[in-house]
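So the structure is just underneath, and the comments pick up after that.
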Amino acid sequence: MMCALRAAERGRAVCLLDHSAKIGRKILISGGGRCNFTNIHAGPANFVSQNPHFAKSALSRFTPEDFIKLVRKHRISYHEKKLGQLFCDGSAGSIVDLLVSECRDAGAKFRLSCDIRSIRKEERFIVQTNLGEFRSDAIVVATGGLSIPKIGATGFGYDIAKQFGLKIVSPFPALVGFNFSPQQMDDFAELAGVSVDSEVSSSGPNFRENILFTHTGLSGPAILQASLYWKDGQELLLNLCPEKDLEEWLLQKKKAGAKVEMKNLMADVLPKRLAERFSQLYAKPGRVAELPDRIIVDLAKHINSWKLVPRETFGYQKAEVTRGGVDTSELSSKTMESKKVSGLYFIGEVVDVTGQLGGYNFQWAWASGHAAGESV
Ligand SMILES: Cc1cc2nc3c(=O)[nH]c(=O)nc-3n(C[C@H](O)[C@H](O)[C@H](O)COP(=O)(O)OP(=O)(O)OC[C@H]3O[C@@H](n4cnc5c(N)ncnc54)[C@H](O)[C@@H]3O)c2cc1C
């Protein structure tokens with residue numbers, strides 16, 4: 001829609017085809033129904049791509065402030081929740097309404113419930129659909145990734161790219177939780193519902209936010225962030241008590257002759273159930289003063305640098321985004337047009353540019369859409 005409105009503003013004849021009966025369904029479910037529509041700190045470092053420089057041009061030409069101007073123009077009230085994340089005060093539907101009304105004012109047409117059967121290029125592009133044939137000089141593919149198939153996500157954009165000979169970086173679920181291995185299930189499933197401020201990393205940066213134990217694994221913002229950088233079989237590194245060097249603290253308590261049970265002492269710095277379970281798994285029952293140093297050190301290590309190889313992610317049913325997509329080496333970073341096929345553009349999540357959690361993915365959708373809309 002961002003591309004459609006910009007192209008229509010420039011006087012282009014635009015028709016937006018979507019197989020869904022309702023436009024912008026992902027926006028409607030985003031941000032818990034309040035749409036985290038941008039992040040005021042958004043910059044290239046918040047994105048993952050095989051080419052980390054690719055997103056720079058589009059992001060610099062349509063900034064969070066540009067989107068905020070539109071939000072203000074439509075009198076949508078919003079707030080910063082945390083870390084630069086801007087959310088609507090009311091419903092995410094107001095962002096869909098904003099885009100639809102801007103598109104309509106600019107003259108873009110919509111064709112919904114439109115099943116696209118084939119696309120080919122002769123002199124012009126020819127698109128066969130259940131609503132008839134469409135011909136155009138350019139096609140912009142904005143079909144998103146594979147996440148949340150039940151609201152209409154498909155791999156159609158990747159199929160179009162392949163059909164025209166463009167390379168794809170293998171898609172993978174991202175911004176998603178992880179399932180435990182069977183052993184981890186035995187050890188930690190009983191912690192379902194426990195949430196704790198933590199630091200988490202896989203192969204990327206360290207994220208400090210909450211994690212959440214679920215019935216089958218780990219979730220919560222810090223886990224979702226780390227998942228963006230995780231590859232199959234890789235280990236997650238978690239610090240469940242970032243404020244304290246537990247080894248030093250516990251050994252001091254022992255030296256001072258602490259008579260308290262380990263699980264009770266740990267409950268001073270961790271949620272009670274977490275303290276109980278980790279003490280049960282990695283320390284013996286007994287008073288802190290009576291435990292051998294090596295057990296105290298081992299327990300502290302499991303809290304301050306817990307290493308865990310999860311079985312797998314929760315998959316596309318739960319993933320907020322799809323990492324990978326159309327290889328950026330195939331596209332112009334200025335216009336999003338294919339270098340091989342003139343008039344064929346790819347924007348948004350279908351491209352191998354994936355943002356961290358916190359409004360970055362919409363900012364990429366707006367910015368890449370705007371870049372294509374300027375050129376198409
Ligand atoms: C639960 C959830 C919450 C999220 N919350 C946020 C958030 O708060 N902030 C944020 O920045 N990001 C969030 N995201 C990510 C964000 O929604 C996406 O990155 C963004 O919507 C991508 O925009 P897009 O236009 O590329 O693709 P999409 O928004 O996925 O749009 C793709 C469109 O293509 C259509 N389509 C797909 N296949 C076909 C086909 N074969 N034929 C015709 N049409 C087709 C779909 O119907 C859809 O309308 C969230 C994602 C999820 C799943």
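How things are named: the first chain in the structure tokens is A, the next is B, and so on; residues count from 1 in each chain; ligands count from 1 in the order shown.
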
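For range 234-272 of chain A, the set of residues given alpha helix (DSSP H) by DSSP on the backbone reads Leu246, Glu247, Glu248, Trp249, Leu250, Leu251, Gln252, Lys253, Lys254, Lys255, Met262, Lys263, Asn264, Leu265, Met266 and Lys272 of chain A.
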
With N, CA, C and O atoms retained, could you export that selection as a short mmCIF file (atom, residue, chain, number, x, y, z; two decimals), in the first residue's frame?
```cif
data_model
loop_
_atom_site.label_atom_id
_atom_site.label_comp_id
_atom_site.auth_asym_id
_atom_site.auth_seq_id
_atom_site.Cartn_x
_atom_site.Cartn_y
_atom_site.Cartn_z
N LEU A 246 26.49 -14.02 40.34
CA LEU A 246 25.97 -14.93 41.36
C LEU A 246 27.06 -15.72 42.06
O LEU A 246 26.98 -16.02 43.26
N GLU A 247 28.10 -16.10 41.29
CA GLU A 247 29.19 -16.88 41.89
C GLU A 247 29.80 -16.10 43.06
O GLU A 247 29.90 -16.60 44.19
N GLU A 248 30.12 -14.84 42.78
CA GLU A 248 30.73 -14.00 43.81
C GLU A 248 29.77 -13.83 45.00
O GLU A 248 30.14 -14.00 46.16
N TRP A 249 28.52 -13.53 44.68
CA TRP A 249 27.51 -13.24 45.72
C TRP A 249 27.25 -14.48 46.59
O TRP A 249 27.25 -14.40 47.82
N LEU A 250 27.08 -15.64 45.92
CA LEU A 250 26.77 -16.86 46.68
C LEU A 250 27.96 -17.29 47.55
O LEU A 250 27.79 -17.71 48.70
N LEU A 251 29.18 -17.16 46.99
CA LEU A 251 30.36 -17.56 47.78
C LEU A 251 30.54 -16.63 48.99
O LEU A 251 30.94 -17.08 50.06
N GLN A 252 30.22 -15.37 48.80
CA GLN A 252 30.28 -14.42 49.95
C GLN A 252 29.29 -14.85 51.03
O GLN A 252 29.60 -14.84 52.22
N LYS A 253 28.08 -15.22 50.58
CA LYS A 253 27.04 -15.64 51.53
C LYS A 253 27.50 -16.88 52.28
O LYS A 253 27.28 -17.03 53.48
N LYS A 254 28.14 -17.80 51.53
CA LYS A 254 28.62 -19.03 52.17
C LYS A 254 29.68 -18.68 53.23
O LYS A 254 29.65 -19.17 54.36
N LYS A 255 30.60 -17.79 52.82
CA LYS A 255 31.68 -17.39 53.72
C LYS A 255 31.11 -16.75 55.00
O LYS A 255 31.64 -16.94 56.10
N MET A 262 19.48 -22.96 49.84
CA MET A 262 19.89 -22.32 48.58
C MET A 262 18.68 -21.77 47.81
O MET A 262 18.71 -20.64 47.33
N LYS A 263 17.60 -22.56 47.70
CA LYS A 263 16.45 -22.11 46.89
C LYS A 263 15.84 -20.82 47.49
O LYS A 263 15.36 -19.96 46.74
N ASN A 264 15.91 -20.68 48.80
CA ASN A 264 15.34 -19.47 49.42
C ASN A 264 16.24 -18.26 49.21
O ASN A 264 15.77 -17.15 48.98
N LEU A 265 17.55 -18.50 49.27
CA LEU A 265 18.48 -17.40 49.02
C LEU A 265 18.35 -16.93 47.57
O LEU A 265 18.28 -15.73 47.28
N MET A 266 18.29 -17.90 46.66
CA MET A 266 18.18 -17.55 45.23
C MET A 266 16.89 -16.79 44.93
O MET A 266 16.84 -15.98 44.00
N LYS A 272 10.54 -16.99 42.35
CA LYS A 272 10.62 -18.10 43.30
C LYS A 272 10.68 -19.48 42.62
O LYS A 272 11.52 -20.31 42.95
#
```

Please list as a list of chain:residue names every residue within 8 Å of range 107-119 of chain A, counting only C-alpha atoms and excluding residues in the same chain fewer than 3 positions away.
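Neighbouring residues, sequence-local ones excluded: A:Ala4, A:Leu5, A:Ala8, A:Glu9, A:Ala13, A:Val14, A:Cys15, A:Leu16, A:Leu17, A:Asp18, A:His19, A:Ser20, A:Ala21, A:Lys22, A:Ile23, A:Cys103, A:Arg104, A:Phe125, A:Ile126, A:Val127, A:Gln128, A:Thr129, A:Asn130, A:Leu131, A:Ile160.
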
Could you tell me, counting only C-alpha atoms and all ligand atoms, which protein and nucleic acid residues lie no more than 7 Å from ligand 1, written as JSON, numbers by chain?
{"A": [17, 18, 19, 20, 23, 24, 25, 26, 27, 29, 30, 31, 32, 35, 36, 37, 38, 114, 115, 116, 142, 143, 144, 145, 147, 148, 152, 153, 154, 155, 156, 319, 320, 321, 347, 348, 349, 350, 357, 358, 359, 360, 361, 362, 363, 365]}

Exercise: Lys301 in chain A partners within 9 Å, only C-alpha atoms, chain neighbours under 3 positions left out, as a PyMOL selection string
chain A and resi 239+246-247+296-298+304-306

Output file for the selection above: C-alpha atoms, as a compact mmCIF listing (two decimals), in the first residue's frame:
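Saved file out-v5.txt follows:
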```
# COMPACT_ATOMS: atom_id res chain seq x y z
CA ASN A 239 21.99 -14.71 31.66
CA LEU A 246 25.97 -14.93 41.36
CA GLU A 247 29.19 -16.88 41.89
CA ILE A 296 27.77 -23.20 44.11
CA VAL A 297 29.96 -22.26 41.14
CA ASP A 298 28.10 -24.70 38.88
CA ASN A 304 24.58 -16.30 34.71
CA SER A 305 25.67 -18.16 31.57
CA TRP A 306 23.07 -20.80 30.82
```

According to DSSP computed on the backbone, where in range 214-322 of chain A is there strand (DSSP E)? Give the residues as a list in words.
Gly217, Leu218, Ser219, Leu236, Leu237, Leu238, Asn239, Trp306, Lys307, Leu308, Glu312, Thr313, Val321 and Thr322 of chain A

Could you pull the residues within 12 Å of Leu70 in chain A, counting only C-alpha atoms, minus those fewer than 3 positions along the same chain, as a list in words?
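The filter keeps Met2, Phe37, Thr38, Phe62, Thr63, Pro64, Glu65, Asp66, Phe67, Lys73, His74, Arg75, Ile76, Ser77, Ser94, Ile95, Asp97, Leu98, Leu99, Ser101, Glu102 and Trp366 of chain A.
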
As an MDAnalysis selection string, please: the residues near Asp327 in chain A (cut-off 7 Å, only C-alpha atoms, same-chain neighbours under 2 positions excluded).
chainID A and resid 167:169 325 329:330 351:352

What's around Asn210 in chain A at 6 Å? Count only C-alpha atoms, leave out sequence neighbours fewer than 4 positions away in its own chain, and write the answer as a compact mmCIF listing (two decimals) with C-alpha atoms, in the first residue's frame.
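Writing the result to result-v3.txt gives the following:
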```txt
# COMPACT_ATOMS: atom_id res chain seq x y z
CA VAL A 196 12.40 -13.09 34.04
CA ASP A 197 14.54 -10.14 32.94
CA SER A 198 17.48 -11.71 31.06
CA GLY A 220 9.37 -13.50 25.31
CA PRO A 221 10.99 -10.47 23.68
CA ALA A 222 14.65 -11.28 24.40
```

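Proximity of A:Ala367, A:Val309, A:Ala372, A:Val176 to Glu235 in chain A, computed with only C-alpha atoms, is greatest for A:Val309.
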
Rounded to one decimal in Å, what is the spacing between CA of Ser91 in chain A and CA of Gly157 in chain A?
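Interatomic distance, CA of Ser91 in chain A to CA of Gly157 in chain A: 28.6 Å.
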
With distances taken over only C-alpha atoms, which of A:Glu199, A:Glu133, A:Glu190, A:Asp293 is nearest to Thr214 in chain A?
A:Glu190

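Take the candidates A:Asp89, A:Glu374, A:Asp105, A:Asp268 and check each one against Thr335 in chain A using only C-alpha atoms; the shortest distance goes to A:Glu374.
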
Smallest atom-to-atom distance to Leu212 in chain A: which of A:Gly177, A:Gly93, A:Gly369, A:Gly165, using only C-alpha atoms?
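Nearest to Leu212 in chain A: A:Gly177.
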
What is the distance between CA of Cys241 in chain A and CA of Leu308 in chain A, in Å to one decimal?
15.8 Å

Residues at most 7 Å from Gly343 in chain A, counting only C-alpha atoms, excluding those fewer than 3 positions away in the same chain, as a list in words?
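Once the nearby chain positions are removed, what remains is Asp137, Ala138, Ile139 and Glu337 of chain A.
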
Here is a test: counting only C-alpha atoms, which residue of A:Ile295, A:Val269, A:Ala58, A:Leu175 is nearest to Leu228 in chain A?
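Nearest candidate to Leu228 in chain A out of A:Ile295, A:Val269, A:Ala58, A:Leu175: A:Leu175.
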
Pairwise distance for CA of Ser203 in chain A and CA of Lys307 in chain A, rounded to one decimal in Å
12.7 Å

Looking at A:Glu243, A:Glu209, A:Glu261, A:Glu312, which one is nearest to Glu290 in chain A, with distances taken over only C-alpha atoms?
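Smallest distance to Glu290 in chain A is found for A:Glu261.
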